[in-house]
Amino acid sequence: MAERTPLYSEHVALGGVMVDFAGYELPVRYPQGIIAEHNAVRGAAGLFDVSHMGEFTLTGKDALKALNYVLTNDFTVMDAGRVRYSLMCYPGGGVVDDVLVYKKGNEDFLIVVNAANKDKDFEWMSANLDDFEAELKDVSREIAQLALQGPRAEEILSSLTNEEEIPRKYYSFRENVDVGGVKALVSRTGYTGEDGFELYCAPVDAVMLYRRLLEAGAPFGMMPAGLGARDTLRTEAGMPLYGHELRAEYPASEAGLDFAVKYTKEDFIGKSALLSRPPQYVRIGAKVLDRGIVRENTPIFTSSGEEAGIATSGTMAPTLGYAVAMLRVRAEYADAELFAEVRGRRLRLGRTQIPFYKSETYKR
């Protein structure tokens with residue numbers, strides 16, 4: 001049986017259509033529909049329940065050394081109060097997961113992982129910490145998480161807290177912020193391609209925080225938003241999703257995330273394998289030029305009929321008005337004329353940049 005977040009009853013009361021996602025019952029959409037929720041985030045704001053995400057703490061004398069070994073990014077030069085994105089690899093270079101690391105201090109880090117990978121991630125990290133004086137704890141059940149996203153997110157948050165407590169820089173955070181009477185860790189992060197915040201609080205306070213945010217956001221046009229809009233938003237923003245763009249069998253060097261893989265540091269799990277094998281595939285963006293939508297696992301071909309790869313994510317992009325897809329194609333075909341085979345038809349694809357959409361207010 002699927003688990004429920006502390007906000008399950010709130011979603012049901014709001015008419016959320018509940019589905020099983022990563023072992024949790026979560027709303028895929030509300031009565032207003034996915035496109036309305038998507039547009040609300042792009043034009044005003046949306047509020048997501050992401051309490052299904054996993055959270056670990058890593059503390060101790062060797063916490064920093066342990067992070068640098070287990071994860072691909074470099075955390076050596078990182079101020080307290082900042083957040084950093086990273087991949088976590090197997091020895092062969094495939095991806096265990098992608099994570100966010102919050103630095104509270106040199107010996108105190110919070111690591112946010114994907115819900116579906118939580119148990120696997122904890123086991124993998126624990127198994128690779130034997131040589132370090134550091135303690136890893138799974139604190140997922142002690143934390144609820146909300147995502148307030150959109151160009152008016154800061155105005156909404158300002159109505160509930162002291163403006164001086166709002167993190168100003170993208171990928172920064174503040175702890176013990178009073179938001180509408182609830183103490184929360186507030187980070188300027190998100191998964192939509194818009195400016196916004198993620199708020200972490202005690203599960204017992206989640207309903208109050210959710211209601212306060214919905215009430216404060218209503219005059220601005222904010223809507224509750226579900227998994228459907230979350231996926232169309234992250235796809236427009238070209239953000240990878242584990243199980244799609246990132247997998248155990250896909251080397252990290254083929255994900256187009258080189259900013260998060262630091263080969264210059266002394267060592268990390270998977271480094272030697274990644275350096276020994278040039279990328280065979282690349283991640284590219286495509287606009288669908290013919291009528292149709294290219295979904296994940298759709299085969300991709302060249303004009304001469306050679307199989308070039310697959311689509312890893314695809315959707316009709318509400319903001320853009322046309323269908324887009326992220327492709328994993330063989331490196332030698334990256335600049336070739338490509339087609340997607342959808343129900344026996346070959347749809348023309350036009351190479352385009354990732355992200356497909358860039359917000360004017362997004363502080364990437």
# chains A, B, ... in the order shown; residues from 1 in each chain; ligands from 1
>>> select_by_dssp(residues="range 132-320 of chain A", states="helix (DSSP H, G or I)", output="short mmCIF file (atom, residue, chain, number, x, y, z; two decimals) with C-alpha atoms, in the first residue's frame")
data_model
loop_
_atom_site.label_atom_id
_atom_site.label_comp_id
_atom_site.auth_asym_id
_atom_site.auth_seq_id
_atom_site.Cartn_x
_atom_site.Cartn_y
_atom_site.Cartn_z
CA SER A 140 12.97 11.70 5.73
CA ARG A 141 10.11 10.97 8.13
CA GLU A 142 11.04 13.98 10.23
CA ALA A 153 6.70 33.44 -5.17
CA GLU A 154 8.82 36.01 -3.34
CA GLU A 155 5.89 38.40 -2.94
CA ILE A 156 3.77 35.60 -1.52
CA LEU A 157 6.49 34.48 0.87
CA SER A 158 7.14 38.09 1.93
CA GLU A 163 11.81 39.90 4.18
CA GLU A 164 15.28 39.86 5.70
CA GLU A 165 14.87 36.12 6.33
CA PRO A 203 5.40 17.01 9.40
CA VAL A 204 3.09 18.15 12.20
CA ASP A 205 3.32 21.72 10.87
CA ALA A 206 2.85 20.88 7.19
CA VAL A 207 -0.92 21.41 7.02
CA MET A 208 -0.73 24.84 8.67
CA LEU A 209 2.10 25.93 6.37
CA TYR A 210 0.30 24.63 3.28
CA ARG A 211 -2.95 26.43 4.17
CA ARG A 212 -1.16 29.68 5.03
CA LEU A 213 0.70 29.65 1.72
CA LEU A 214 -2.45 28.88 -0.28
CA GLU A 215 -4.31 31.69 1.47
CA ALA A 216 -1.46 34.16 0.94
CA GLY A 217 -1.06 33.16 -2.70
CA ALA A 218 -4.72 33.33 -3.72
CA PRO A 219 -4.73 37.12 -4.42
CA PHE A 220 -1.72 36.61 -6.69
CA LEU A 227 2.77 15.93 -10.56
CA GLY A 228 1.50 16.52 -14.09
CA ALA A 229 2.41 20.21 -14.08
CA ARG A 230 5.66 19.47 -12.27
CA ASP A 231 6.69 17.23 -15.17
CA THR A 232 5.73 19.63 -17.98
CA LEU A 233 7.47 22.48 -16.16
CA ARG A 234 10.73 20.59 -15.55
CA THR A 235 10.74 19.29 -19.14
CA GLU A 236 10.36 22.81 -20.57
CA ALA A 252 27.26 10.45 -15.96
CA SER A 253 29.45 11.91 -18.71
CA GLU A 254 26.58 11.46 -21.19
CA ASP A 258 29.42 18.42 -16.69
CA PHE A 259 29.10 21.40 -14.32
CA ALA A 260 28.29 18.88 -11.59
CA LYS A 271 35.91 8.98 -11.80
CA SER A 272 38.38 6.53 -13.34
CA ALA A 273 35.68 4.79 -15.39
CA LEU A 274 34.34 8.08 -16.73
CA LEU A 275 37.82 9.30 -17.69
CA SER A 276 38.70 6.03 -19.42
#
>>> select_by_dssp(residues="range 90-166 of chain A", states="strand (DSSP E or B)", output="tab-separated table (two decimals) with N, CA and C atoms, in the first residue's frame")
chain	number	residue	atom	x	y	z
A	94	GLY	N	27.95	4.82	-14.05
A	94	GLY	CA	26.50	4.99	-14.12
A	94	GLY	C	25.99	5.76	-12.92
A	95	VAL	N	24.80	6.32	-13.03
A	95	VAL	CA	24.29	7.23	-12.01
A	95	VAL	C	23.42	6.50	-10.99
A	96	VAL	N	23.77	6.67	-9.73
A	96	VAL	CA	22.95	6.15	-8.62
A	96	VAL	C	21.74	7.06	-8.42
A	97	ASP	N	22.00	8.39	-8.44
A	97	ASP	CA	20.94	9.38	-8.24
A	97	ASP	C	21.52	10.77	-8.48
A	98	ASP	N	20.63	11.75	-8.58
A	98	ASP	CA	21.07	13.14	-8.52
A	98	ASP	C	20.50	13.75	-7.25
A	99	VAL	N	21.27	14.61	-6.60
A	99	VAL	CA	20.95	15.07	-5.26
A	99	VAL	C	21.22	16.56	-5.11
A	100	LEU	N	20.66	17.13	-4.05
A	100	LEU	CA	21.00	18.49	-3.63
A	100	LEU	C	21.68	18.40	-2.26
A	101	VAL	N	22.75	19.15	-2.10
A	101	VAL	CA	23.49	19.16	-0.84
A	101	VAL	C	23.39	20.54	-0.22
A	102	TYR	N	22.91	20.61	1.02
A	102	TYR	CA	22.79	21.84	1.79
A	102	TYR	C	23.91	21.86	2.83
A	103	LYS	N	24.75	22.89	2.79
A	103	LYS	CA	25.82	22.98	3.77
A	103	LYS	C	25.41	23.85	4.95
A	104	LYS	N	25.27	23.22	6.12
A	104	LYS	CA	24.98	23.96	7.35
A	104	LYS	C	26.27	24.34	8.06
A	105	GLY	N	27.29	23.52	7.88
A	105	GLY	CA	28.59	23.77	8.48
A	105	GLY	C	29.58	22.77	7.92
A	108	ASP	N	28.42	19.39	8.90
A	108	ASP	CA	26.97	19.24	8.99
A	108	ASP	C	26.32	19.55	7.64
A	109	PHE	N	25.82	18.50	6.97
A	109	PHE	CA	25.22	18.64	5.66
A	109	PHE	C	23.84	17.96	5.62
A	110	LEU	N	22.94	18.54	4.84
A	110	LEU	CA	21.65	17.93	4.54
A	110	LEU	C	21.67	17.52	3.07
A	111	ILE	N	21.28	16.29	2.77
A	111	ILE	CA	21.29	15.77	1.41
A	111	ILE	C	19.87	15.40	1.02
A	112	VAL	N	19.36	15.96	-0.07
A	112	VAL	CA	18.01	15.69	-0.54
A	112	VAL	C	18.09	14.77	-1.75
A	113	VAL	N	17.39	13.65	-1.68
A	113	VAL	CA	17.45	12.62	-2.73
A	113	VAL	C	16.06	12.35	-3.28
A	135	GLU	N	28.73	10.32	10.07
A	135	GLU	CA	27.50	9.57	10.35
A	135	GLU	C	26.38	10.01	9.40
A	136	LEU	N	25.80	9.03	8.74
A	136	LEU	CA	24.68	9.27	7.82
A	136	LEU	C	23.39	8.83	8.48
A	137	LYS	N	22.38	9.72	8.49
A	137	LYS	CA	21.06	9.39	9.04
A	137	LYS	C	19.97	9.69	8.02
A	138	ASP	N	18.99	8.81	7.96
A	138	ASP	CA	17.81	9.05	7.13
A	138	ASP	C	16.77	9.77	7.98
A	144	ALA	N	8.76	17.45	6.24
A	144	ALA	CA	7.79	17.64	5.15
A	144	ALA	C	8.35	18.75	4.27
A	145	GLN	N	8.05	18.69	2.97
A	145	GLN	CA	8.63	19.66	2.06
A	145	GLN	C	7.56	20.21	1.10
A	146	LEU	N	7.54	21.52	0.96
A	146	LEU	CA	6.65	22.20	0.01
A	146	LEU	C	7.51	22.99	-0.97
A	147	ALA	N	7.01	23.14	-2.19
A	147	ALA	CA	7.70	23.93	-3.20
A	147	ALA	C	6.78	25.05	-3.66
A	148	LEU	N	7.19	26.28	-3.40
A	148	LEU	CA	6.47	27.49	-3.82
A	148	LEU	C	7.22	28.05	-5.02
A	149	GLN	N	6.62	27.94	-6.20
A	149	GLN	CA	7.34	28.25	-7.43
A	149	GLN	C	6.59	29.25	-8.31
>>> residues_around(residues="range 16-32 of chain A", least_positions_apart="3", cutoff="10 Å", atoms="only C-alpha atoms", output="ChimeraX atom specification")
/A:1-5,7-13,35-37,48-53,114-118,223-231
>>> closest_atom_pairs(of="range 172-228 of chain A", to="range 83-87 of chain A", cutoff="10 Å", atoms="only C-alpha atoms", output="Markdown table")
| residue | atom | partner | partner_atom | distance |
| --- | --- | --- | --- | --- |
| A:Ser172 | CA | A:Val83 | CA | 5.5 |
| A:Phe173 | CA | A:Val83 | CA | 7.2 |
| A:Ser187 | CA | A:Val83 | CA | 8.1 |
| A:Arg188 | CA | A:Val83 | CA | 8.9 |
| A:Thr189 | CA | A:Val83 | CA | 8.3 |
>>> closest_residue(among="A:Gly321, A:Gly81, A:Gly92, A:Gly190", to="Pro167 in chain A", atoms="only C-alpha atoms")
A:Gly81
>>> residues_around(residues="Lys265 in chain A", least_positions_apart="2", cutoff="10 Å", atoms="only C-alpha atoms", output="list in words")
Asn68, Tyr69, Thr72, Asn73, Asp74, Phe75, Thr76, Val261, Lys262, Tyr263, Asp267, Phe268 and Lys271 of chain A
>>> closest_residue(among="A:Glu249, A:Asp119, A:Glu198, A:Asp131", to="Glu175 in chain A", atoms="only C-alpha atoms")
A:Glu198
